[in-house]
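Reading through the C-alpha coordinates given below for one structure.
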Amino acid sequence: LTDNYVHLTNAAIQKTAPGYEKDVGCKWPLRSFKLHLISQFGVARIDELFLGIQNIIINSLLAVQKVMINDKHCFEVYGYDIMIDDMLKPWLIEVNSSPSISADSQADYDLKYGLLDDVYTILDPEGQLDDELYEQVGGFDLIYHNGPIKVDKQHQFTTKLGCYDDRPRNLKRLFKQHAKHRATPALSAAAT
(Lines give C-alpha, C1' and ligand atoms only; values in the text may rest on other atoms or scores of the structure.)
Protein backbone atom coordinates (compact mmCIF):
# COMPACT_ATOMS: atom_id res chain seq x y z
CA LEU A 1 0.00 0.00 0.00
CA THR A 2 2.94 2.35 0.39
CA ASP A 3 3.60 2.47 -3.37
CA ASN A 4 0.91 4.84 -4.66
CA TYR A 5 2.12 4.45 -8.23
CA VAL A 6 1.02 0.80 -8.25
CA HIS A 7 -2.54 1.59 -7.14
CA LEU A 8 -3.26 4.92 -8.82
CA THR A 9 -3.57 4.65 -12.56
CA ASN A 10 -4.11 8.32 -13.34
CA ALA A 11 -1.53 9.29 -15.97
CA ALA A 12 -0.88 12.62 -14.22
CA ILE A 13 0.32 10.67 -11.16
CA GLN A 14 2.04 7.82 -13.01
CA LYS A 15 4.26 10.17 -15.02
CA THR A 16 5.91 11.39 -11.79
CA ALA A 17 6.94 7.85 -10.77
CA PRO A 18 10.61 6.89 -10.70
CA GLY A 19 11.50 4.97 -13.85
CA TYR A 20 8.59 6.37 -15.88
CA GLU A 21 9.45 6.22 -19.60
CA LYS A 22 8.06 9.35 -21.24
CA ASP A 23 8.37 7.97 -24.79
CA VAL A 24 6.38 4.84 -23.87
CA GLY A 25 3.84 6.36 -21.47
CA CYS A 26 1.65 4.31 -19.16
CA LYS A 27 -1.49 3.81 -21.24
CA TRP A 28 -2.41 0.60 -23.01
CA PRO A 29 -4.65 0.43 -26.03
CA LEU A 30 -7.93 -1.10 -24.88
CA ARG A 31 -7.48 -4.08 -27.20
CA SER A 32 -4.04 -4.88 -25.71
CA PHE A 33 -5.48 -4.66 -22.21
CA LYS A 34 -8.37 -6.95 -23.16
CA LEU A 35 -6.03 -9.51 -24.73
CA HIS A 36 -3.84 -9.45 -21.62
CA LEU A 37 -6.85 -10.08 -19.40
CA ILE A 38 -8.08 -12.89 -21.69
CA SER A 39 -4.67 -14.57 -21.38
CA GLN A 40 -5.02 -14.41 -17.59
CA PHE A 41 -8.72 -15.20 -17.06
CA GLY A 42 -10.18 -16.61 -20.28
CA VAL A 43 -12.54 -15.33 -22.95
CA ALA A 44 -15.87 -15.88 -21.14
CA ARG A 45 -14.94 -13.98 -17.98
CA ILE A 46 -13.43 -11.05 -19.86
CA ASP A 47 -16.35 -10.87 -22.27
CA GLU A 48 -18.62 -10.59 -19.22
CA LEU A 49 -16.34 -7.89 -17.77
CA PHE A 50 -16.36 -5.79 -20.96
CA LEU A 51 -20.12 -6.19 -21.35
CA GLY A 52 -20.38 -4.93 -17.76
CA ILE A 53 -18.26 -1.88 -18.66
CA GLN A 54 -20.43 -1.21 -21.69
CA ASN A 55 -23.56 -1.48 -19.54
CA ILE A 56 -22.09 0.97 -17.01
CA ILE A 57 -21.62 3.48 -19.84
CA ILE A 58 -25.15 2.98 -21.17
CA ASN A 59 -26.83 3.09 -17.74
CA SER A 60 -24.90 6.16 -16.59
CA LEU A 61 -26.02 8.06 -19.68
CA LEU A 62 -29.61 6.86 -19.32
CA ALA A 63 -29.59 8.03 -15.69
CA VAL A 64 -28.81 11.63 -16.67
CA GLN A 65 -30.40 11.90 -20.10
CA LYS A 66 -33.16 14.23 -18.87
CA VAL A 67 -30.65 16.79 -17.57
CA MET A 68 -28.15 16.59 -20.42
CA ILE A 69 -28.11 19.51 -22.82
CA ASN A 70 -29.87 18.48 -26.01
CA ASP A 71 -28.76 21.00 -28.60
CA LYS A 72 -28.02 19.98 -32.18
CA HIS A 73 -25.41 22.75 -32.38
CA CYS A 74 -23.10 21.38 -29.69
CA PHE A 75 -21.74 18.09 -28.38
CA GLU A 76 -19.73 16.76 -25.49
CA VAL A 77 -17.22 13.93 -25.20
CA TYR A 78 -17.16 11.95 -21.96
CA GLY A 79 -14.27 10.03 -20.46
CA TYR A 80 -15.01 7.09 -18.18
CA ASP A 81 -12.78 5.99 -15.31
CA ILE A 82 -13.55 2.36 -14.50
CA MET A 83 -11.91 0.29 -11.77
CA ILE A 84 -11.86 -3.51 -12.02
CA ASP A 85 -11.79 -5.43 -8.75
CA ASP A 86 -10.14 -8.79 -8.04
CA MET A 87 -13.38 -10.59 -8.97
CA LEU A 88 -13.36 -8.86 -12.41
CA LYS A 89 -16.31 -6.65 -11.51
CA PRO A 90 -16.20 -3.18 -13.08
CA TRP A 91 -16.89 -0.14 -10.90
CA LEU A 92 -17.57 3.38 -12.15
CA ILE A 93 -15.16 5.81 -10.50
CA GLU A 94 -16.10 8.97 -12.37
CA VAL A 95 -17.26 10.38 -15.67
CA ASN A 96 -15.22 13.28 -16.99
CA SER A 97 -16.98 15.80 -19.18
CA SER A 98 -14.55 17.22 -21.71
CA PRO A 99 -11.64 14.92 -20.78
CA SER A 100 -8.10 16.01 -21.59
CA ILE A 101 -7.06 15.50 -25.18
CA SER A 102 -3.42 16.42 -24.64
CA ALA A 103 -1.07 13.58 -25.49
CA ASP A 104 2.07 12.44 -23.70
CA SER A 105 3.27 9.78 -26.17
CA GLN A 106 2.92 8.96 -29.86
CA ALA A 107 0.44 6.15 -29.09
CA ASP A 108 -1.62 8.55 -26.96
CA TYR A 109 -1.53 11.13 -29.76
CA ASP A 110 -2.67 8.56 -32.33
CA LEU A 111 -5.52 7.44 -30.07
CA LYS A 112 -6.77 10.97 -29.40
CA TYR A 113 -6.34 12.10 -32.99
CA GLY A 114 -8.43 9.11 -34.07
CA LEU A 115 -11.05 9.91 -31.43
CA LEU A 116 -11.42 13.52 -32.60
CA ASP A 117 -11.41 12.51 -36.26
CA ASP A 118 -14.19 9.99 -35.58
CA VAL A 119 -16.20 12.49 -33.52
CA TYR A 120 -16.15 14.97 -36.41
CA THR A 121 -17.04 12.20 -38.86
CA ILE A 122 -20.09 11.36 -36.73
CA LEU A 123 -21.05 15.04 -36.39
CA ASP A 124 -20.64 15.41 -40.16
CA PRO A 125 -20.44 19.26 -40.27
CA GLU A 126 -19.81 19.14 -44.04
CA GLY A 127 -22.95 17.09 -44.66
CA GLN A 128 -21.12 14.26 -46.43
CA LEU A 129 -23.17 11.49 -44.80
CA ASP A 130 -26.90 10.92 -44.92
CA ASP A 131 -28.96 10.92 -41.74
CA GLU A 132 -28.66 7.15 -41.83
CA LEU A 133 -27.85 5.27 -38.62
CA TYR A 134 -24.49 3.52 -38.93
CA GLU A 135 -23.48 0.61 -36.68
CA GLN A 136 -19.84 1.62 -36.84
CA VAL A 137 -18.08 4.90 -37.58
CA GLY A 138 -14.29 4.69 -37.39
CA GLY A 139 -13.50 3.49 -33.88
CA PHE A 140 -17.04 4.07 -32.54
CA ASP A 141 -19.64 1.32 -32.31
CA LEU A 142 -23.36 1.95 -31.93
CA ILE A 143 -24.22 0.35 -28.58
CA TYR A 144 -27.67 1.80 -27.90
CA HIS A 145 -30.61 2.74 -30.10
CA ASN A 146 -34.06 2.37 -28.50
CA GLY A 147 -32.38 -0.29 -26.34
CA PRO A 148 -28.97 -1.96 -26.20
CA ILE A 149 -27.64 -3.14 -29.56
CA LYS A 150 -27.09 -6.89 -29.63
CA VAL A 151 -23.97 -8.18 -31.34
CA ASP A 152 -24.53 -10.77 -34.06
CA LYS A 153 -24.52 -14.29 -32.59
CA GLN A 154 -21.76 -15.29 -35.03
CA HIS A 155 -19.30 -13.19 -33.02
CA GLN A 156 -17.36 -14.64 -30.13
CA PHE A 157 -17.98 -11.59 -27.92
CA THR A 158 -21.22 -9.99 -26.73
CA THR A 159 -19.65 -6.52 -26.99
CA LYS A 160 -17.23 -5.03 -29.50
CA LEU A 161 -15.58 -3.00 -26.73
CA GLY A 162 -11.85 -3.72 -26.81
CA CYS A 163 -12.05 -5.86 -29.96
CA TYR A 164 -9.91 -5.33 -33.05
CA ASP A 165 -10.62 -1.91 -34.51
CA ASP A 166 -9.51 -1.20 -38.05
CA ARG A 167 -10.43 2.52 -38.13
CA PRO A 168 -9.07 3.27 -41.61
CA ARG A 169 -10.89 0.33 -43.19
CA ASN A 170 -14.12 1.13 -41.31
CA LEU A 171 -14.01 4.77 -42.45
CA LYS A 172 -13.19 3.80 -46.03
CA ARG A 173 -16.14 1.36 -46.05
CA LEU A 174 -18.44 4.03 -44.56
CA PHE A 175 -17.60 6.63 -47.22
CA LYS A 176 -17.70 4.05 -50.02
CA GLN A 177 -21.15 2.95 -48.83
CA HIS A 178 -22.24 6.58 -48.62
CA ALA A 179 -20.94 7.35 -52.13
CA LYS A 180 -22.91 4.40 -53.47
CA HIS A 181 -26.10 5.72 -51.79
CA ARG A 182 -25.57 9.14 -53.33
CA ALA A 183 -24.84 7.76 -56.80
CA THR A 184 -27.94 5.53 -56.94
CA PRO A 185 -30.54 8.37 -57.08
CA ALA A 186 -28.43 10.21 -59.68
CA LEU A 187 -28.29 7.11 -61.88
CA SER A 188 -32.04 6.61 -61.52
CA ALA A 189 -32.71 10.22 -62.51
CA ALA A 190 -30.40 9.97 -65.51
CA ALA A 191 -32.17 6.81 -66.70
CA THR A 192 -35.59 8.51 -66.74
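Residues are named by chain letter and number: chains run A, B, ... in the order of the C-alpha coordinates, numbers start at 1 in each chain, and ligands are numbered from 1 in the order shown.
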
Problem set entry | DSSP helix (DSSP H, G or I) residues within stretch 18-88 of chain A, listed as a VMD selection string | chain A and resid 30 to 41 43 to 64

For this session: Please identify all polymer residues within 12 Å of A:Ala107, counting only C-alpha atoms, omitting same-chain residues fewer than 5 positions from it, and present them as a PyMOL selection string.
Result: chain A and resi 22-30+102+112-114

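A straight line drawn from atom CA of A:Lys34 to atom CA of A:Gly162 is 6.0 Å long.
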
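Atom pair atom CA of A:Met83 / atom CA of A:Ile58 has a distance of 16.5 Å (rounded to one decimal).
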
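When only C-alpha atoms are used to measure the gap to A:Ile56, the shortest distance among A:Glu126, A:Asp166, A:Glu21, A:Glu94 belongs to A:Glu94.
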
For this session: Write down as a ChimeraX atom specification the residues belonging to stretch 4-133 of chain A that are assigned strand (DSSP E or B) by DSSP computed on the backbone.
Result: /A:78-84,90-97

What would the file look like if the residues just selected were written as a PDB file, in the first residue's frame with N, CA and C atoms?
```pdb
ATOM      1  N   TYR A  78     -17.311  12.371 -23.356  1.00  0.00           N
ATOM      2  CA  TYR A  78     -17.158  11.951 -21.961  1.00  0.00           C
ATOM      3  C   TYR A  78     -16.038  10.933 -21.848  1.00  0.00           C
ATOM      4  N   GLY A  79     -15.312  11.002 -20.765  1.00  0.00           N
ATOM      5  CA  GLY A  79     -14.267  10.027 -20.465  1.00  0.00           C
ATOM      6  C   GLY A  79     -14.662   9.255 -19.220  1.00  0.00           C
ATOM      7  N   TYR A  80     -14.599   7.948 -19.291  1.00  0.00           N
ATOM      8  CA  TYR A  80     -15.014   7.089 -18.180  1.00  0.00           C
ATOM      9  C   TYR A  80     -13.802   6.501 -17.467  1.00  0.00           C
ATOM     10  N   ASP A  81     -13.784   6.646 -16.141  1.00  0.00           N
ATOM     11  CA  ASP A  81     -12.778   5.987 -15.314  1.00  0.00           C
ATOM     12  C   ASP A  81     -13.452   4.795 -14.660  1.00  0.00           C
ATOM     13  N   ILE A  82     -12.986   3.610 -15.002  1.00  0.00           N
ATOM     14  CA  ILE A  82     -13.555   2.359 -14.502  1.00  0.00           C
ATOM     15  C   ILE A  82     -12.474   1.625 -13.715  1.00  0.00           C
ATOM     16  N   MET A  83     -12.818   1.129 -12.552  1.00  0.00           N
ATOM     17  CA  MET A  83     -11.909   0.294 -11.771  1.00  0.00           C
ATOM     18  C   MET A  83     -12.422  -1.145 -11.845  1.00  0.00           C
ATOM     19  N   ILE A  84     -11.502  -2.089 -11.955  1.00  0.00           N
ATOM     20  CA  ILE A  84     -11.856  -3.508 -12.016  1.00  0.00           C
ATOM     21  C   ILE A  84     -11.326  -4.164 -10.750  1.00  0.00           C
ATOM     22  N   PRO A  90     -16.533  -4.578 -12.791  1.00  0.00           N
ATOM     23  CA  PRO A  90     -16.200  -3.183 -13.084  1.00  0.00           C
ATOM     24  C   PRO A  90     -16.960  -2.222 -12.164  1.00  0.00           C
ATOM     25  N   TRP A  91     -16.287  -1.164 -11.754  1.00  0.00           N
ATOM     26  CA  TRP A  91     -16.887  -0.136 -10.902  1.00  0.00           C
ATOM     27  C   TRP A  91     -16.649   1.222 -11.539  1.00  0.00           C
ATOM     28  N   LEU A  92     -17.695   2.027 -11.623  1.00  0.00           N
ATOM     29  CA  LEU A  92     -17.569   3.377 -12.155  1.00  0.00           C
ATOM     30  C   LEU A  92     -16.953   4.276 -11.091  1.00  0.00           C
ATOM     31  N   ILE A  93     -15.821   4.875 -11.411  1.00  0.00           N
ATOM     32  CA  ILE A  93     -15.160   5.810 -10.501  1.00  0.00           C
ATOM     33  C   ILE A  93     -15.665   7.225 -10.761  1.00  0.00           C
ATOM     34  N   GLU A  94     -15.609   7.646 -12.017  1.00  0.00           N
ATOM     35  CA  GLU A  94     -16.102   8.973 -12.374  1.00  0.00           C
ATOM     36  C   GLU A  94     -16.300   9.062 -13.874  1.00  0.00           C
ATOM     37  N   VAL A  95     -17.081  10.052 -14.266  1.00  0.00           N
ATOM     38  CA  VAL A  95     -17.257  10.378 -15.674  1.00  0.00           C
ATOM     39  C   VAL A  95     -16.743  11.799 -15.849  1.00  0.00           C
ATOM     40  N   ASN A  96     -15.798  11.961 -16.743  1.00  0.00           N
ATOM     41  CA  ASN A  96     -15.224  13.282 -16.993  1.00  0.00           C
ATOM     42  C   ASN A  96     -15.900  13.902 -18.208  1.00  0.00           C
ATOM     43  N   SER A  97     -16.484  15.070 -18.016  1.00  0.00           N
ATOM     44  CA  SER A  97     -16.983  15.799 -19.176  1.00  0.00           C
ATOM     45  C   SER A  97     -15.788  16.559 -19.737  1.00  0.00           C
TER      46      SER A  97
END
```

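Residue nearest A:Ala44 within the list A:Leu88, A:Ala179, A:Pro148, A:Tyr134: A:Leu88 [criterion: smallest interatomic distance, only C-alpha atoms].
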
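Coordinates place atom CA of A:Met87 at a distance of 15.7 Å from atom CA of A:Ser39.
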